[in-house]
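> I'd like to ask you about the structure that follows.
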Amino acid sequence: MTLAPTTILYEGKAKQVYATADADWVVLRFKDDATAFNGVKKASIGDKGAINCRISAHLLTLVAEAGVPTAFAKVLNGRDQLFRRVEIVPVEVVVRNVVAGGFAKKLGRAEGERLARPIVEHFYKSDALNDPQINEDAAIVMGWASAWELACMRERALQVNDVLKAFWDARGIDLIDFKLEFGRAGGAILLADEITPDGSRLWERGTGRHLDKDVFRRDLGDLGDTYRELYQRVFGTEYRAE
Ligand code: CDP
């Protein structure tokens, strides 16, 4: 396949989606932009797009090898990836292994408490509403996803959790939580978005040091340095721009 990006279909906070000459395929372009609090806080972080592009390709390949169908096809260049075109399910799926972030705040618990088993949560994908938490019943009754799709997403999300937990564990990192998005294509449910430190919490084992976008959200240091360090942990080599 030699599919080049043509017109822009959608501009997100950290990515752009382009059409290609083939209606079944789109190009995802990773931007250097970092945002937090639904776009209220913004910055451009050098290398972030390229690092996320490579990390996401690596992790999506791993989960696909483990049997989770994904829309990811291949990396086209330093920032672009070819994806199967899907209809995004407007329900974000979060998996939590350890209490952190919004969950800690909502329940008045300290961050860092390990959960007895992973918790799967659902959020309605809506920037205008700040992605409110919903349950499966609401998703079904409001017509955002079917019961079968929700069951499928839950099972896949837990499978992805097993793969990612083992992957980060081998690199001295605890996978605290992460968010996934799925899409529909040809009657199937595919993992349809990036897996990056933008949408995951990754804490260095032992120290609890944040190796994810919380460094930006919480002003804990330089996000570019953090992502370069994570790159080194993932690939065992220093990040070099192409
Ligand atoms: O990040 P925040 O505390 O607002 O929300 P959370 O529900 O605690 O986030 C759980 C996980 O999902 C974290 O790893 C976030 O980075 C990720 N997330 C995301 O990628 N996009 C969102 N809109 C919300 C959460």
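Residue numbering restarts at 1 for every chain of the structure tokens, chains are lettered A, B, ... in their displayed order, and ligands are numbered from 1 as they appear.
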When DSSP is applied to the backbone of this structure, which of segment 9-242 of chain A are assigned helix (DSSP H, G or I)? Write them out as a PyMOL selection string.
chain A and resi 48-65+101-107+136-141+147-169+214-217+223-235
> Counting only C-alpha atoms, what is within 8 Å of segment 159-163 of chain A, bar same-chain residues fewer than 3 positions away, as a PyMOL selection string?
chain A and resi 62-63+66+68+95+155-156+166-167
> Dump all heavy atoms for the selected residues as a short mmCIF file (atom, residue, chain, number, x, y, z; two decimals), in the first residue's frame?

data_model
loop_
_atom_site.label_atom_id
_atom_site.label_comp_id
_atom_site.auth_asym_id
_atom_site.auth_seq_id
_atom_site.Cartn_x
_atom_site.Cartn_y
_atom_site.Cartn_z
N LEU A 62 2.16 -5.27 19.40
CA LEU A 62 2.19 -6.29 20.47
C LEU A 62 0.80 -6.80 20.80
O LEU A 62 0.58 -8.01 20.93
CB LEU A 62 2.77 -5.69 21.75
CG LEU A 62 4.27 -5.66 21.93
CD1 LEU A 62 4.59 -5.13 23.33
CD2 LEU A 62 4.85 -7.06 21.78
N VAL A 63 -0.15 -5.87 20.95
CA VAL A 63 -1.49 -6.33 21.33
C VAL A 63 -2.15 -7.08 20.17
O VAL A 63 -2.90 -8.04 20.39
CB VAL A 63 -2.41 -5.20 21.88
CG1 VAL A 63 -1.80 -4.52 23.09
CG2 VAL A 63 -2.77 -4.19 20.84
N ALA A 66 -1.08 -10.50 20.23
CA ALA A 66 -1.73 -11.24 21.32
C ALA A 66 -3.18 -11.56 20.98
O ALA A 66 -3.90 -12.14 21.80
CB ALA A 66 -1.66 -10.42 22.61
N VAL A 68 -5.66 -9.25 19.75
CA VAL A 68 -6.65 -8.17 19.82
C VAL A 68 -6.70 -7.47 18.46
O VAL A 68 -5.69 -6.88 18.04
CB VAL A 68 -6.28 -7.14 20.92
CG1 VAL A 68 -7.25 -5.97 20.93
CG2 VAL A 68 -6.23 -7.83 22.28
N VAL A 95 -9.11 1.39 31.81
CA VAL A 95 -8.79 0.26 32.69
C VAL A 95 -7.87 0.77 33.78
O VAL A 95 -6.90 1.49 33.50
CB VAL A 95 -8.08 -0.88 31.91
CG1 VAL A 95 -7.78 -2.06 32.84
CG2 VAL A 95 -8.93 -1.35 30.73
N GLU A 155 -13.80 -7.14 27.20
CA GLU A 155 -12.91 -8.30 27.12
C GLU A 155 -11.57 -7.90 26.49
O GLU A 155 -10.50 -8.25 26.98
CB GLU A 155 -13.60 -9.39 26.32
CG GLU A 155 -12.88 -10.69 26.33
CD GLU A 155 -13.52 -11.71 25.37
OE1 GLU A 155 -14.77 -11.75 25.31
OE2 GLU A 155 -12.76 -12.42 24.69
N ARG A 156 -11.63 -7.14 25.40
CA ARG A 156 -10.42 -6.72 24.71
C ARG A 156 -9.58 -5.80 25.59
O ARG A 156 -8.35 -5.88 25.60
CB ARG A 156 -10.78 -5.99 23.41
CG ARG A 156 -11.68 -6.80 22.49
CD ARG A 156 -10.89 -7.41 21.35
NE ARG A 156 -11.70 -8.37 20.61
CZ ARG A 156 -12.47 -8.08 19.57
NH1 ARG A 156 -12.55 -6.82 19.13
NH2 ARG A 156 -13.14 -9.02 18.96
N ALA A 166 2.47 -6.55 31.44
CA ALA A 166 3.67 -7.39 31.35
C ALA A 166 4.79 -6.64 30.63
O ALA A 166 5.96 -6.69 31.03
CB ALA A 166 3.35 -8.69 30.61
N PHE A 167 4.41 -5.91 29.58
CA PHE A 167 5.41 -5.15 28.80
C PHE A 167 6.09 -4.10 29.68
O PHE A 167 7.33 -4.02 29.72
CB PHE A 167 4.73 -4.47 27.61
CG PHE A 167 5.65 -3.60 26.80
CD1 PHE A 167 6.47 -4.16 25.84
CD2 PHE A 167 5.71 -2.24 27.03
CE1 PHE A 167 7.33 -3.37 25.10
CE2 PHE A 167 6.58 -1.44 26.30
CZ PHE A 167 7.39 -2.00 25.33
#
> May I have the residues within 7 Å of ligand 1, computed using only C-alpha atoms and all ligand atoms, as a list in words?
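Written in the requested form, the residues are Phe37, Val94, Ala100, Gly101, Gly102, Phe103, Asp131, Asp177, Phe178, Lys179, Asp198, Gly199, Ser200, Arg201 and Lys213 of chain A.
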> Output N, CA, C and O atoms for every residue in that selection, as an mmCIF file, in the first residue's frame.

data_model
loop_
_atom_site.group_PDB
_atom_site.id
_atom_site.type_symbol
_atom_site.label_atom_id
_atom_site.label_comp_id
_atom_site.auth_asym_id
_atom_site.auth_seq_id
_atom_site.Cartn_x
_atom_site.Cartn_y
_atom_site.Cartn_z
ATOM 1 N N PHE A 37 -6.707 19.074 30.681
ATOM 2 C CA PHE A 37 -7.955 19.673 31.160
ATOM 3 C C PHE A 37 -8.828 20.089 29.972
ATOM 4 O O PHE A 37 -9.264 21.228 29.872
ATOM 5 N N VAL A 94 -11.690 2.944 30.021
ATOM 6 C CA VAL A 94 -10.518 3.127 30.892
ATOM 7 C C VAL A 94 -10.350 1.871 31.734
ATOM 8 O O VAL A 94 -11.325 1.334 32.264
ATOM 9 N N ALA A 100 -5.735 6.267 40.962
ATOM 10 C CA ALA A 100 -5.043 7.493 40.545
ATOM 11 C C ALA A 100 -6.044 8.430 39.879
ATOM 12 O O ALA A 100 -7.188 8.045 39.608
ATOM 13 N N GLY A 101 -5.598 9.643 39.611
ATOM 14 C CA GLY A 101 -6.336 10.598 38.784
ATOM 15 C C GLY A 101 -7.758 10.842 39.254
ATOM 16 O O GLY A 101 -8.032 10.994 40.446
ATOM 17 N N GLY A 102 -8.659 10.866 38.269
ATOM 18 C CA GLY A 102 -10.056 11.183 38.535
ATOM 19 C C GLY A 102 -10.712 10.207 39.509
ATOM 20 O O GLY A 102 -11.577 10.597 40.310
ATOM 21 N N PHE A 103 -10.295 8.955 39.472
ATOM 22 C CA PHE A 103 -10.864 7.922 40.354
ATOM 23 C C PHE A 103 -10.514 8.221 41.816
ATOM 24 O O PHE A 103 -11.357 8.132 42.707
ATOM 25 N N ASP A 131 -16.212 14.633 28.572
ATOM 26 C CA ASP A 131 -16.164 13.167 28.695
ATOM 27 C C ASP A 131 -16.761 12.653 30.011
ATOM 28 O O ASP A 131 -16.042 12.079 30.843
ATOM 29 N N ASP A 177 -3.063 3.014 34.886
ATOM 30 C CA ASP A 177 -4.351 3.027 34.183
ATOM 31 C C ASP A 177 -4.106 3.468 32.742
ATOM 32 O O ASP A 177 -3.019 3.938 32.405
ATOM 33 N N PHE A 178 -5.114 3.298 31.906
ATOM 34 C CA PHE A 178 -4.998 3.766 30.519
ATOM 35 C C PHE A 178 -6.387 3.820 29.891
ATOM 36 O O PHE A 178 -7.342 3.211 30.383
ATOM 37 N N LYS A 179 -6.463 4.567 28.784
ATOM 38 C CA LYS A 179 -7.716 4.743 28.065
ATOM 39 C C LYS A 179 -7.607 4.165 26.659
ATOM 40 O O LYS A 179 -6.576 4.334 26.002
ATOM 41 N N ASP A 198 0.386 9.547 26.556
ATOM 42 C CA ASP A 198 -0.629 10.617 26.662
ATOM 43 C C ASP A 198 -1.897 10.090 27.325
ATOM 44 O O ASP A 198 -2.610 10.835 27.986
ATOM 45 N N GLY A 199 -2.188 8.815 27.089
ATOM 46 C CA GLY A 199 -3.451 8.253 27.578
ATOM 47 C C GLY A 199 -3.254 7.116 28.545
ATOM 48 O O GLY A 199 -4.145 6.291 28.739
ATOM 49 N N SER A 200 -2.057 7.055 29.154
ATOM 50 C CA SER A 200 -1.752 6.002 30.130
ATOM 51 C C SER A 200 -1.070 6.653 31.323
ATOM 52 O O SER A 200 -0.401 7.677 31.167
ATOM 53 N N ARG A 201 -1.205 6.036 32.478
ATOM 54 C CA ARG A 201 -0.359 6.446 33.611
ATOM 55 C C ARG A 201 0.700 5.367 33.812
ATOM 56 O O ARG A 201 0.363 4.181 33.950
ATOM 57 N N LYS A 213 1.881 11.692 30.698
ATOM 58 C CA LYS A 213 1.442 13.082 30.486
ATOM 59 C C LYS A 213 1.113 13.816 31.783
ATOM 60 O O LYS A 213 0.971 15.053 31.765
#
> Would you mind listing what lies within 9 Å of Leu60 of chain A as a PyMOL selection string, with only C-alpha atoms counted and same-chain residues fewer than 6 positions away left out?
chain A and resi 68+70+72+191+194-195
> Out of segment 4-172 of chain A, which residues get strand (DSSP E or B) from DSSP, as JSON, numbers by chain?
{"A": [8, 9, 10, 11, 15, 16, 17, 18, 19, 25, 26, 27, 28, 29, 30, 33, 34, 35, 36, 41, 42, 43, 44, 70, 72, 73, 74, 75, 80, 81, 82, 83, 84, 87, 88, 91, 92, 93, 94, 95, 96, 97, 98, 114, 115, 116, 117, 118, 119, 120, 121, 122, 123, 124, 133, 134]}
> Selection from above, C-alpha atoms, as a PDB file, in the first residue's frame, can you write it?

ATOM      1  CA  ILE A   8      -8.010  16.438   6.542  1.00  0.00           C
ATOM      2  CA  LEU A   9     -11.051  14.696   8.030  1.00  0.00           C
ATOM      3  CA  TYR A  10     -10.617  15.544  11.679  1.00  0.00           C
ATOM      4  CA  GLU A  11      -8.251  17.507  13.877  1.00  0.00           C
ATOM      5  CA  LYS A  15      -3.495  13.987  16.172  1.00  0.00           C
ATOM      6  CA  GLN A  16      -4.889  14.754  12.746  1.00  0.00           C
ATOM      7  CA  VAL A  17      -6.781  12.252  10.635  1.00  0.00           C
ATOM      8  CA  TYR A  18      -6.445  12.435   6.841  1.00  0.00           C
ATOM      9  CA  ALA A  19      -8.384  10.729   4.088  1.00  0.00           C
ATOM     10  CA  TRP A  25      -7.926   3.738   4.851  1.00  0.00           C
ATOM     11  CA  VAL A  26      -6.951   6.892   6.744  1.00  0.00           C
ATOM     12  CA  VAL A  27      -3.652   8.411   7.839  1.00  0.00           C
ATOM     13  CA  LEU A  28      -3.149   9.371  11.497  1.00  0.00           C
ATOM     14  CA  ARG A  29      -0.610  12.157  11.979  1.00  0.00           C
ATOM     15  CA  PHE A  30       0.870  12.606  15.459  1.00  0.00           C
ATOM     16  CA  ASP A  33       0.867  19.429  20.841  1.00  0.00           C
ATOM     17  CA  ALA A  34       0.183  18.516  24.437  1.00  0.00           C
ATOM     18  CA  THR A  35      -3.114  19.516  26.035  1.00  0.00           C
ATOM     19  CA  ALA A  36      -4.652  18.941  29.435  1.00  0.00           C
ATOM     20  CA  LYS A  41      -3.664  23.962  29.089  1.00  0.00           C
ATOM     21  CA  LYS A  42      -1.611  23.691  25.877  1.00  0.00           C
ATOM     22  CA  ALA A  43       2.004  23.478  24.750  1.00  0.00           C
ATOM     23  CA  SER A  44       4.079  22.215  21.874  1.00  0.00           C
ATOM     24  CA  THR A  70      -6.673  -3.334  15.728  1.00  0.00           C
ATOM     25  CA  PHE A  72      -3.466  -0.048  12.856  1.00  0.00           C
ATOM     26  CA  ALA A  73      -1.800  -1.165   9.624  1.00  0.00           C
ATOM     27  CA  LYS A  74       1.703   0.339   9.472  1.00  0.00           C
ATOM     28  CA  VAL A  75       3.978   3.294  10.102  1.00  0.00           C
ATOM     29  CA  ASP A  80       2.172   9.186  10.064  1.00  0.00           C
ATOM     30  CA  GLN A  81       0.469   5.824  10.391  1.00  0.00           C
ATOM     31  CA  LEU A  82      -1.959   4.023   8.121  1.00  0.00           C
ATOM     32  CA  PHE A  83      -5.181   2.942   9.839  1.00  0.00           C
ATOM     33  CA  ARG A  84      -8.257   1.125   8.657  1.00  0.00           C
ATOM     34  CA  GLU A  87     -16.642   4.519  12.839  1.00  0.00           C
ATOM     35  CA  ILE A  88     -15.471   5.477  16.315  1.00  0.00           C
ATOM     36  CA  VAL A  91     -17.518   5.346  24.516  1.00  0.00           C
ATOM     37  CA  GLU A  92     -13.995   5.598  25.937  1.00  0.00           C
ATOM     38  CA  VAL A  93     -12.848   2.586  27.933  1.00  0.00           C
ATOM     39  CA  VAL A  94     -10.518   3.127  30.892  1.00  0.00           C
ATOM     40  CA  VAL A  95      -8.791   0.256  32.686  1.00  0.00           C
ATOM     41  CA  ARG A  96      -7.367   0.855  36.154  1.00  0.00           C
ATOM     42  CA  ASN A  97      -4.903  -1.281  38.111  1.00  0.00           C
ATOM     43  CA  VAL A  98      -4.021   1.292  40.765  1.00  0.00           C
ATOM     44  CA  ARG A 114      -3.359  -1.233  44.230  1.00  0.00           C
ATOM     45  CA  LEU A 115      -6.771  -2.584  43.191  1.00  0.00           C
ATOM     46  CA  ALA A 116      -7.624  -6.248  43.912  1.00  0.00           C
ATOM     47  CA  ARG A 117      -8.454  -6.680  40.208  1.00  0.00           C
ATOM     48  CA  PRO A 118      -8.608  -4.312  37.230  1.00  0.00           C
ATOM     49  CA  ILE A 119     -11.602  -1.970  37.056  1.00  0.00           C
ATOM     50  CA  VAL A 120     -13.122  -1.126  33.652  1.00  0.00           C
ATOM     51  CA  GLU A 121     -14.850   2.261  33.371  1.00  0.00           C
ATOM     52  CA  HIS A 122     -16.750   3.968  30.555  1.00  0.00           C
ATOM     53  CA  PHE A 123     -16.844   7.623  29.530  1.00  0.00           C
ATOM     54  CA  TYR A 124     -19.030   9.259  26.888  1.00  0.00           C
ATOM     55  CA  GLN A 133     -18.493   8.940  33.108  1.00  0.00           C
ATOM     56  CA  ILE A 134     -21.379   6.674  32.139  1.00  0.00           C
TER      57      ILE A 134
END
> So, counting only C-alpha atoms, which residue among A:Arg233, A:His210, A:Arg240, A:Arg184 is closest to Met153 of chain A?
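Of A:Arg233, A:His210, A:Arg240, A:Arg184, the one nearest Met153 of chain A is A:Arg184, counting only C-alpha atoms.
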> For atom CA of Ile45 of chain A and atom CA of Arg218 of chain A, determine how far apart the two atoms are, in Å to one decimal place.
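It comes out at 15.2 Å.
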